[in-house]
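Text of my_file.cif, listed as mmCIF, C-alpha atoms:
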```
data_final
#
loop_
_atom_site.group_PDB
_atom_site.id
_atom_site.type_symbol
_atom_site.label_atom_id
_atom_site.label_comp_id
_atom_site.auth_asym_id
_atom_site.auth_seq_id
_atom_site.Cartn_x
_atom_site.Cartn_y
_atom_site.Cartn_z
ATOM 1 C CA MET A 24 -120.020 12.388 -96.584
ATOM 2 C CA GLN A 25 -117.131 11.935 -94.140
ATOM 3 C CA ARG A 26 -115.229 9.807 -96.618
ATOM 4 C CA GLN A 27 -115.749 12.413 -99.335
ATOM 5 C CA LEU A 28 -114.568 15.187 -97.006
ATOM 6 C CA GLY A 29 -111.460 13.234 -96.071
ATOM 7 C CA PHE A 30 -110.696 12.598 -99.723
ATOM 8 C CA ALA A 31 -111.096 16.302 -100.538
ATOM 9 C CA LEU A 32 -108.837 17.461 -97.713
ATOM 10 C CA LEU A 33 -106.183 14.995 -98.784
ATOM 11 C CA LEU A 34 -106.211 16.357 -102.325
ATOM 12 C CA MET A 35 -106.555 20.069 -101.609
ATOM 13 C CA ALA A 36 -102.887 20.995 -101.269
ATOM 14 C CA VAL A 37 -101.934 19.050 -104.378
ATOM 15 C CA ILE A 38 -104.770 20.522 -106.435
ATOM 16 C CA LEU A 39 -104.140 24.145 -105.537
ATOM 17 C CA GLY A 40 -100.497 23.894 -106.501
ATOM 18 C CA ALA A 41 -101.038 21.827 -109.618
ATOM 19 C CA CYS A 42 -103.813 23.977 -111.058
ATOM 20 C CA THR A 43 -101.624 27.086 -111.161
ATOM 21 C CA ALA A 44 -98.799 25.126 -112.726
ATOM 22 C CA THR A 45 -100.862 23.629 -115.546
ATOM 23 C CA ARG A 46 -102.818 26.638 -116.747
ATOM 24 C CA PHE A 47 -100.338 27.550 -119.467
ATOM 25 C CA SER A 48 -98.111 25.196 -121.454
ATOM 26 C CA PRO A 49 -96.278 26.530 -124.532
ATOM 27 C CA SER A 50 -96.825 24.285 -127.547
ATOM 28 C CA ARG A 51 -93.993 21.928 -128.413
ATOM 29 C CA GLN A 52 -93.545 19.529 -131.297
ATOM 30 C CA ILE A 53 -92.778 15.846 -130.840
ATOM 31 C CA ALA A 54 -89.251 15.043 -131.994
ATOM 32 C CA GLN A 55 -89.312 11.285 -131.362
ATOM 33 C CA ILE A 56 -90.892 8.505 -129.344
ATOM 34 C CA GLU A 57 -88.350 5.991 -128.088
ATOM 35 C CA LEU A 58 -88.632 2.695 -126.245
ATOM 36 C CA LEU A 59 -87.589 3.276 -122.634
ATOM 37 C CA GLU A 60 -88.271 -0.115 -121.076
ATOM 38 C CA HIS A 61 -89.648 -3.515 -122.082
ATOM 39 C CA ILE A 62 -90.938 -5.534 -119.113
ATOM 40 C CA PRO A 63 -91.595 -9.256 -119.665
ATOM 41 C CA VAL A 64 -94.624 -10.380 -117.633
ATOM 42 C CA GLU A 65 -96.266 -13.722 -116.945
ATOM 43 C CA LYS A 66 -99.771 -12.240 -116.714
ATOM 44 C CA GLN A 67 -101.871 -10.487 -119.329
ATOM 45 C CA TYR A 68 -103.041 -6.990 -118.476
ATOM 46 C CA ASP A 69 -105.836 -4.779 -119.781
ATOM 47 C CA LYS A 70 -103.999 -1.493 -119.235
ATOM 48 C CA ALA A 71 -100.747 -0.100 -117.854
ATOM 49 C CA LEU A 72 -99.554 3.355 -116.821
ATOM 50 C CA PHE A 73 -96.030 4.569 -116.037
ATOM 51 C CA ASP A 74 -95.346 7.243 -113.419
ATOM 52 C CA PRO A 75 -91.907 8.835 -113.914
ATOM 53 C CA LEU A 76 -92.013 10.433 -110.434
ATOM 54 C CA SER A 77 -91.882 7.123 -108.576
ATOM 55 C CA GLY A 78 -90.670 4.903 -111.415
ATOM 56 C CA SER A 79 -93.791 2.771 -110.943
ATOM 57 C CA VAL A 80 -95.670 0.878 -113.633
ATOM 58 C CA TYR A 81 -99.289 0.252 -112.639
ATOM 59 C CA ALA A 82 -100.789 -2.748 -114.466
ATOM 60 C CA LEU A 83 -104.536 -3.451 -114.380
ATOM 61 C CA SER A 84 -105.990 -6.966 -114.566
ATOM 62 C CA LYS A 85 -109.780 -7.028 -114.674
ATOM 63 C CA VAL A 86 -109.908 -10.839 -114.626
ATOM 64 C CA ARG A 87 -107.926 -11.041 -111.376
ATOM 65 C CA GLN A 88 -109.385 -7.779 -109.995
ATOM 66 C CA GLN A 89 -105.874 -6.657 -109.144
ATOM 67 C CA ILE A 90 -103.393 -3.886 -109.821
ATOM 68 C CA ASP A 91 -99.744 -4.949 -109.972
ATOM 69 C CA ILE A 92 -97.035 -2.378 -109.310
ATOM 70 C CA TYR A 93 -93.693 -2.881 -111.097
ATOM 71 C CA ARG A 94 -90.456 -1.062 -110.354
ATOM 72 C CA ALA A 95 -87.177 -1.527 -112.211
ATOM 73 C CA GLY A 96 -88.846 -4.281 -114.202
ATOM 74 C CA LYS A 97 -89.761 -6.333 -111.112
ATOM 75 C CA LEU A 98 -93.080 -6.908 -109.347
ATOM 76 C CA PHE A 99 -93.094 -4.571 -106.324
ATOM 77 C CA ASN A 100 -96.625 -4.908 -104.910
ATOM 78 C CA THR A 101 -100.114 -6.182 -105.726
ATOM 79 C CA LEU A 102 -103.343 -4.401 -104.792
ATOM 80 C CA GLY A 103 -106.871 -5.706 -104.531
ATOM 81 C CA GLY A 104 -108.335 -9.025 -105.481
ATOM 82 C CA LEU A 105 -112.032 -9.839 -105.564
ATOM 83 C CA GLY A 106 -113.785 -9.470 -102.208
ATOM 84 C CA MET A 107 -115.748 -7.264 -99.837
ATOM 85 C CA GLN A 108 -112.957 -6.057 -97.557
ATOM 86 C CA SER A 109 -111.636 -2.486 -97.730
ATOM 87 C CA TYR A 110 -108.542 -3.635 -99.618
ATOM 88 C CA ASN A 111 -110.560 -5.678 -102.152
ATOM 89 C CA PHE A 112 -112.373 -4.666 -105.320
ATOM 90 C CA GLN A 113 -115.890 -5.721 -106.243
ATOM 91 C CA ARG A 114 -115.465 -4.904 -109.934
ATOM 92 C CA LEU A 115 -112.252 -3.094 -110.759
ATOM 93 C CA ALA A 116 -112.884 -1.208 -114.015
ATOM 94 C CA ASP A 117 -110.094 1.297 -114.722
ATOM 95 C CA ILE A 118 -107.068 3.153 -113.344
ATOM 96 C CA ALA A 119 -105.506 6.610 -113.739
ATOM 97 C CA ILE A 120 -102.663 8.598 -112.155
ATOM 98 C CA ASP A 121 -103.029 11.958 -110.436
ATOM 99 C CA SER A 122 -100.499 14.754 -111.001
ATOM 100 C CA ASP A 123 -98.668 13.888 -107.761
ATOM 101 C CA GLY A 124 -98.215 10.246 -108.767
ATOM 102 C CA SER A 125 -101.077 8.844 -106.698
ATOM 103 C CA LEU A 126 -102.884 5.902 -108.230
ATOM 104 C CA LEU A 127 -106.656 6.193 -108.796
ATOM 105 C CA ALA A 128 -108.710 3.009 -109.089
ATOM 106 C CA LEU A 129 -112.335 2.925 -110.276
ATOM 107 C CA ASP A 130 -114.641 0.233 -108.866
ATOM 108 C CA MET A 131 -117.786 -0.153 -110.957
ATOM 109 C CA MET A 132 -119.755 -2.302 -108.522
ATOM 110 C CA ALA A 133 -118.828 -0.396 -105.359
ATOM 111 C CA LYS A 134 -119.309 2.884 -107.253
ATOM 112 C CA ASP A 135 -116.259 4.523 -105.778
ATOM 113 C CA LEU A 136 -112.852 5.877 -106.667
ATOM 114 C CA ARG A 137 -109.937 4.879 -104.444
ATOM 115 C CA ARG A 138 -106.679 6.732 -104.098
ATOM 116 C CA PHE A 139 -103.428 4.872 -103.360
ATOM 117 C CA SER A 140 -99.912 6.048 -102.627
ATOM 118 C CA PRO A 141 -97.191 5.024 -105.130
ATOM 119 C CA GLU A 142 -96.316 2.198 -102.714
ATOM 120 C CA GLY A 143 -99.897 0.922 -102.715
ATOM 121 C CA GLN A 144 -101.278 2.256 -99.428
ATOM 122 C CA LEU A 145 -104.957 3.238 -99.465
ATOM 123 C CA ALA A 146 -105.087 7.026 -98.980
ATOM 124 C CA GLY A 147 -108.722 7.941 -99.610
ATOM 125 C CA ARG A 148 -112.025 7.072 -101.210
ATOM 126 C CA LEU A 149 -114.546 9.089 -103.212
ATOM 127 C CA GLU A 150 -118.112 7.812 -103.505
ATOM 128 C CA LEU A 151 -119.747 7.891 -106.951
ATOM 129 C CA SER A 152 -123.268 6.882 -105.986
ATOM 130 C CA GLN A 153 -124.781 9.200 -108.619
ATOM 131 C CA LEU A 154 -123.409 6.984 -111.388
ATOM 132 C CA ALA A 155 -125.051 3.792 -112.599
ATOM 133 C CA MET A 156 -122.108 1.869 -114.139
ATOM 134 C CA PRO A 157 -118.827 3.828 -113.945
ATOM 135 C CA GLU A 158 -116.585 1.987 -116.396
ATOM 136 C CA LEU A 159 -113.737 4.190 -117.698
ATOM 137 C CA LEU A 160 -111.715 6.973 -116.146
ATOM 138 C CA ALA A 161 -109.560 9.955 -117.133
ATOM 139 C CA MET A 162 -108.404 13.113 -115.351
ATOM 140 C CA ASN A 163 -107.634 16.477 -116.915
ATOM 141 C CA PRO A 164 -105.044 19.018 -115.685
ATOM 142 C CA ASP A 165 -107.778 20.959 -113.843
ATOM 143 C CA HIS A 166 -108.343 17.870 -111.651
ATOM 144 C CA ASN A 167 -111.772 17.102 -112.998
ATOM 145 C CA LEU A 168 -112.637 13.460 -113.540
ATOM 146 C CA PHE A 169 -114.164 12.263 -116.790
ATOM 147 C CA ILE A 170 -115.964 8.973 -116.244
ATOM 148 C CA TYR A 171 -117.800 6.897 -118.822
ATOM 149 C CA ASP A 172 -121.112 5.748 -117.319
ATOM 150 C CA ALA A 173 -122.012 2.643 -119.308
ATOM 151 C CA ALA A 174 -125.746 2.552 -118.453
ATOM 152 C CA PRO A 175 -126.716 5.872 -120.132
ATOM 153 C CA GLN A 176 -123.652 5.667 -122.409
ATOM 154 C CA GLU A 177 -122.407 9.133 -121.560
ATOM 155 C CA ILE A 178 -119.414 10.972 -120.148
ATOM 156 C CA VAL A 179 -119.831 12.488 -116.687
ATOM 157 C CA CYS A 180 -117.507 15.260 -115.486
ATOM 158 C CA ILE A 181 -116.973 15.140 -111.723
ATOM 159 C CA SER A 182 -115.072 17.446 -109.399
ATOM 160 C CA MET A 183 -112.293 15.725 -107.460
ATOM 161 C CA LEU A 184 -112.844 18.133 -104.567
ATOM 162 C CA ASP A 185 -116.159 16.764 -103.379
ATOM 163 C CA GLY A 186 -117.404 14.281 -105.960
ATOM 164 C CA SER A 187 -120.071 16.659 -107.243
ATOM 165 C CA GLU A 188 -121.266 16.268 -110.799
ATOM 166 C CA LEU A 189 -120.393 19.220 -113.048
ATOM 167 C CA TYR A 190 -121.999 18.188 -116.343
ATOM 168 C CA ARG A 191 -122.697 15.282 -118.725
ATOM 169 C CA PHE A 192 -122.497 14.798 -122.476
ATOM 170 C CA GLY A 193 -122.634 12.249 -125.301
ATOM 171 C CA ARG A 194 -125.711 10.372 -124.085
ATOM 172 C CA PHE A 195 -126.284 7.228 -126.216
ATOM 173 C CA GLN A 196 -123.703 8.522 -128.727
ATOM 174 C CA ILE A 197 -120.612 6.808 -127.325
ATOM 175 C CA LYS A 198 -120.507 3.155 -128.390
ATOM 176 C CA ALA A 199 -118.293 0.428 -126.860
ATOM 177 C CA PRO A 200 -115.406 2.629 -125.634
ATOM 178 C CA SER A 201 -112.202 0.898 -124.513
ATOM 179 C CA SER A 202 -110.194 3.772 -123.038
ATOM 180 C CA LEU A 203 -110.305 7.490 -122.267
ATOM 181 C CA GLY A 204 -107.541 10.076 -122.528
ATOM 182 C CA CYS A 205 -107.804 13.695 -121.459
ATOM 183 C CA THR A 206 -105.936 16.991 -121.786
ATOM 184 C CA ALA A 207 -106.893 20.521 -120.796
ATOM 185 C CA ASP A 208 -108.801 20.866 -124.077
ATOM 186 C CA TYR A 209 -109.717 17.447 -125.445
ATOM 187 C CA LEU A 210 -111.155 14.095 -124.452
ATOM 188 C CA ALA A 211 -110.095 11.157 -126.647
ATOM 189 C CA ILE A 212 -112.424 8.135 -126.595
ATOM 190 C CA TYR A 213 -110.982 5.019 -128.223
ATOM 191 C CA SER A 214 -113.089 2.013 -129.207
ATOM 192 C CA LEU A 215 -111.200 -1.214 -129.883
ATOM 193 C CA GLU A 216 -114.389 -2.716 -131.328
ATOM 194 C CA SER A 217 -114.765 -0.066 -134.044
ATOM 195 C CA ALA A 218 -111.012 0.726 -134.292
ATOM 196 C CA ARG A 219 -111.792 4.436 -134.003
ATOM 197 C CA THR A 220 -110.992 7.385 -131.761
ATOM 198 C CA ASP A 221 -113.644 10.053 -131.200
ATOM 199 C CA MET A 222 -112.419 13.483 -130.142
ATOM 200 C CA TYR A 223 -114.536 15.769 -127.972
ATOM 201 C CA TYR A 224 -113.803 19.139 -126.465
ATOM 202 C CA VAL A 225 -113.789 18.791 -122.663
ATOM 203 C CA TYR A 226 -117.083 20.678 -122.375
ATOM 204 C CA GLY A 227 -118.845 18.119 -124.544
ATOM 205 C CA GLN A 228 -118.810 19.341 -128.136
ATOM 206 C CA PHE A 229 -117.914 16.634 -130.646
ATOM 207 C CA LYS A 230 -114.836 17.494 -132.720
ATOM 208 C CA GLU A 231 -113.956 14.611 -135.040
ATOM 209 C CA SER A 232 -113.366 10.885 -135.497
ATOM 210 C CA ARG A 233 -110.116 9.219 -136.547
ATOM 211 C CA LEU A 234 -109.386 5.627 -137.502
ATOM 212 C CA GLY A 235 -107.256 3.653 -135.059
ATOM 213 C CA GLN A 236 -106.084 4.616 -131.600
ATOM 214 C CA GLN A 237 -104.965 8.203 -131.185
ATOM 215 C CA LEU A 238 -103.543 9.744 -128.023
ATOM 216 C CA VAL A 239 -103.299 13.464 -127.259
ATOM 217 C CA ASP A 240 -100.400 14.839 -125.200
ATOM 218 C CA GLY A 241 -100.306 17.912 -122.965
ATOM 219 C CA TYR A 242 -99.411 20.134 -125.933
ATOM 220 C CA ASP A 243 -102.375 18.812 -127.977
ATOM 221 C CA ASN A 244 -100.140 16.834 -130.326
ATOM 222 C CA ARG A 245 -101.852 13.786 -131.816
ATOM 223 C CA ILE A 246 -100.080 10.428 -131.566
ATOM 224 C CA GLN A 247 -101.227 7.632 -133.860
ATOM 225 C CA VAL A 248 -100.647 4.151 -132.411
ATOM 226 C CA GLN A 249 -100.105 1.991 -135.483
ATOM 227 C CA VAL A 250 -98.861 -1.443 -136.453
ATOM 228 C CA VAL A 251 -95.353 -1.480 -137.910
ATOM 229 C CA GLY A 252 -95.521 -0.599 -141.610
ATOM 230 C CA GLU A 253 -98.746 1.399 -141.443
ATOM 231 C CA ALA A 254 -98.731 5.104 -142.264
ATOM 232 C CA ALA A 255 -99.820 7.685 -139.707
ATOM 233 C CA SER A 256 -102.442 10.272 -140.558
ATOM 234 C CA ASP A 257 -101.190 13.650 -141.746
ATOM 235 C CA SER A 258 -102.077 15.354 -138.477
ATOM 236 C CA ALA A 259 -100.547 12.773 -136.106
ATOM 237 C CA PHE A 260 -97.101 11.613 -135.030
ATOM 238 C CA GLY A 261 -96.796 7.876 -135.629
ATOM 239 C CA MET A 262 -95.774 5.385 -132.938
ATOM 240 C CA ALA A 263 -95.161 1.887 -134.268
ATOM 241 C CA VAL A 264 -96.256 -1.181 -132.279
ATOM 242 C CA SER A 265 -96.410 -4.880 -133.086
ATOM 243 C CA PRO A 266 -99.704 -6.509 -134.180
ATOM 244 C CA GLN A 267 -100.091 -8.088 -130.712
ATOM 245 C CA ALA A 268 -100.290 -4.687 -128.999
ATOM 246 C CA GLY A 269 -103.280 -3.898 -126.800
ATOM 247 C CA ILE A 270 -104.360 -0.599 -125.259
ATOM 248 C CA ALA A 271 -101.833 2.261 -125.217
ATOM 249 C CA SER A 272 -102.095 4.788 -122.357
ATOM 250 C CA LEU A 273 -100.384 8.145 -121.904
ATOM 251 C CA TYR A 274 -99.357 9.867 -118.666
ATOM 252 C CA ARG A 275 -97.162 12.970 -118.729
ATOM 253 C CA HIS A 276 -94.554 12.251 -121.445
ATOM 254 C CA HIS A 277 -94.690 8.463 -121.346
ATOM 255 C CA ILE A 278 -96.814 5.937 -123.238
ATOM 256 C CA SER A 279 -97.422 2.442 -121.869
ATOM 257 C CA VAL A 280 -98.530 -0.402 -124.150
ATOM 258 C CA VAL A 281 -99.765 -3.795 -122.969
ATOM 259 C CA TYR A 282 -98.941 -7.028 -124.807
ATOM 260 C CA PRO A 283 -99.924 -10.629 -124.013
ATOM 261 C CA ASP A 284 -96.512 -11.235 -122.410
ATOM 262 C CA ALA A 285 -94.997 -7.787 -121.828
ATOM 263 C CA ILE A 286 -95.464 -4.113 -121.015
ATOM 264 C CA SER A 287 -93.519 -1.565 -123.036
ATOM 265 C CA ILE A 288 -92.799 1.980 -121.846
ATOM 266 C CA HIS A 289 -92.087 4.680 -124.438
ATOM 267 C CA ARG A 290 -90.785 8.188 -123.802
ATOM 268 C CA ILE A 291 -91.807 11.244 -125.838
ATOM 269 C CA SER A 292 -89.017 13.721 -126.620
ATOM 270 C CA TYR A 293 -89.823 17.246 -127.774
ATOM 271 C CA GLY A 294 -88.164 19.747 -130.055
ATOM 272 C CA GLY A 295 -89.010 23.402 -130.608
ATOM 273 C CA SER A 296 -92.308 25.208 -130.362
ATOM 274 C CA ALA A 297 -95.123 24.159 -132.657
ATOM 275 C CA ARG A 298 -96.147 26.641 -135.301
#
```
So, in terms of structure tokens, how does the structure I just supplied come out?
Amino acid sequence: MQRQLGFALLLMAVILGACTATRFSPSRQIAQIELLEHIPVEKQYDKALFDPLSGSVYALSKVRQQIDIYRAGKLFNTLGGLGMQSYNFQRLADIAIDSDGSLLALDMMAKDLRRFSPEGQLAGRLELSQLAMPELLAMNPDHNLFIYDAAPQEIVCISMLDGSELYRFGRFQIKAPSSLGCTADYLAIYSLESARTDMYYVYGQFKESRLGQQLVDGYDNRIQVQVVGEAASDSAFGMAVSPQAGIASLYRHHISVVYPDAISIHRISYGGSAR
């Protein structure tokens, strides 16, 4: 309880300011997606996220149970490692970034969510004891967490204020998800195994399925991550990647893609209002 209270107090000022700022966003069309940075790496990562506020790239390695932080293309810091100490992870499952640039790390075995500063200092912890196997993580602009609980195969919406459960949906309907993405309106659930993205409204109603990996930005534009030469769907903006590309992840207006030997950062540029 004390840890949850400390976590809530730490977030309160950020949440109150961010909620008012994200309630209304005029629609804008994507003009282009350009390569911003290509970072050669000697390790293979499961996921990466770029924070434009700090210039940090957070790279998740489940095998090593570590999160590497890159800045200006160089390794800046490493968090975690397997172990039982406060700075270790027992089973690091996923990462996300809060609106203030703080890193969120989900530990499946410890059943908690840890908050780190952009430099890698532990800033708080939220217990998730009500979940059986918390595996994937996303946060919407209202600062609610969407966590995939692998045991009942459902999405659980949790308040960041106190860790209370708000609602659940999709029980036994969501199969082998690989990543989650969330906006104010939609939750995108991508499965690498089935090469499909399922779209849900954030309150749990199923919307549609699309082949391949699709991301949704803050203006509800669809982005189709596709191998060079493939055609995007009519309703999505295409972003070409090489056949070796892994998971693509979106934060703010930047998309990070992991490769066996690199991380690429792409920037979304916008034109006029969408009609």
Result set of the PyMOL selection byres ((chain A and resi 259) around 9) on the coordinates above, as number ranges by chain:
A: 237, 244-247, 255-258, 260-261
d(atom CA of Ile56 of chain A, atom CA of Val264 of chain A) in Å
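Distance between the two atoms: 11.5 Å.
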List as a Markdown table every residue of segment 197-297 of chain A that is in contact with segment 63-72 of chain A, defined as an atom at most 6 Å from one of its atoms (using only C-alpha atoms), together with the nearest atom pair and the distance in Å rounded to one decimal, sorted by chain and then rising number.
```
| residue | atom | partner | partner_atom | distance |
| --- | --- | --- | --- | --- |
| A:Ser279 | CA | A:Leu72 | CA | 5.6 |
| A:Pro283 | CA | A:Gln67 | CA | 5.1 |
| A:Asp284 | CA | A:Val64 | CA | 5.2 |
| A:Ala285 | CA | A:Pro63 | CA | 4.3 |
```
Decode the PyMOL selection byres ((chain A and resi 54) around 9) for the given file into explicit residues and return them as number ranges by chain.
A: 52-53, 55-56, 291-295
Would you kindly return, as a compact mmCIF listing (two decimals) with C-alpha atoms, in the frame of the given file, each protein, DNA or RNA residue with an atom no farther than 10 Å from any atom of Ala119 of chain A, considering all atoms listed in the file and excluding same-chain residues fewer than 4 positions away?
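The file below, out18.txt, is the result:
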```txt
# COMPACT_ATOMS: atom_id res chain seq x y z
CA LYS A 70 -104.00 -1.49 -119.24
CA ALA A 71 -100.75 -0.10 -117.85
CA LEU A 72 -99.55 3.36 -116.82
CA PHE A 73 -96.03 4.57 -116.04
CA TYR A 81 -99.29 0.25 -112.64
CA GLY A 124 -98.22 10.25 -108.77
CA SER A 125 -101.08 8.84 -106.70
CA LEU A 126 -102.88 5.90 -108.23
CA LEU A 127 -106.66 6.19 -108.80
CA ALA A 128 -108.71 3.01 -109.09
CA LEU A 129 -112.34 2.92 -110.28
CA ARG A 138 -106.68 6.73 -104.10
CA LEU A 159 -113.74 4.19 -117.70
CA LEU A 160 -111.72 6.97 -116.15
CA ALA A 161 -109.56 9.96 -117.13
CA MET A 162 -108.40 13.11 -115.35
CA LEU A 168 -112.64 13.46 -113.54
CA LEU A 203 -110.30 7.49 -122.27
CA GLY A 204 -107.54 10.08 -122.53
CA SER A 272 -102.10 4.79 -122.36
CA LEU A 273 -100.38 8.14 -121.90
CA TYR A 274 -99.36 9.87 -118.67
```
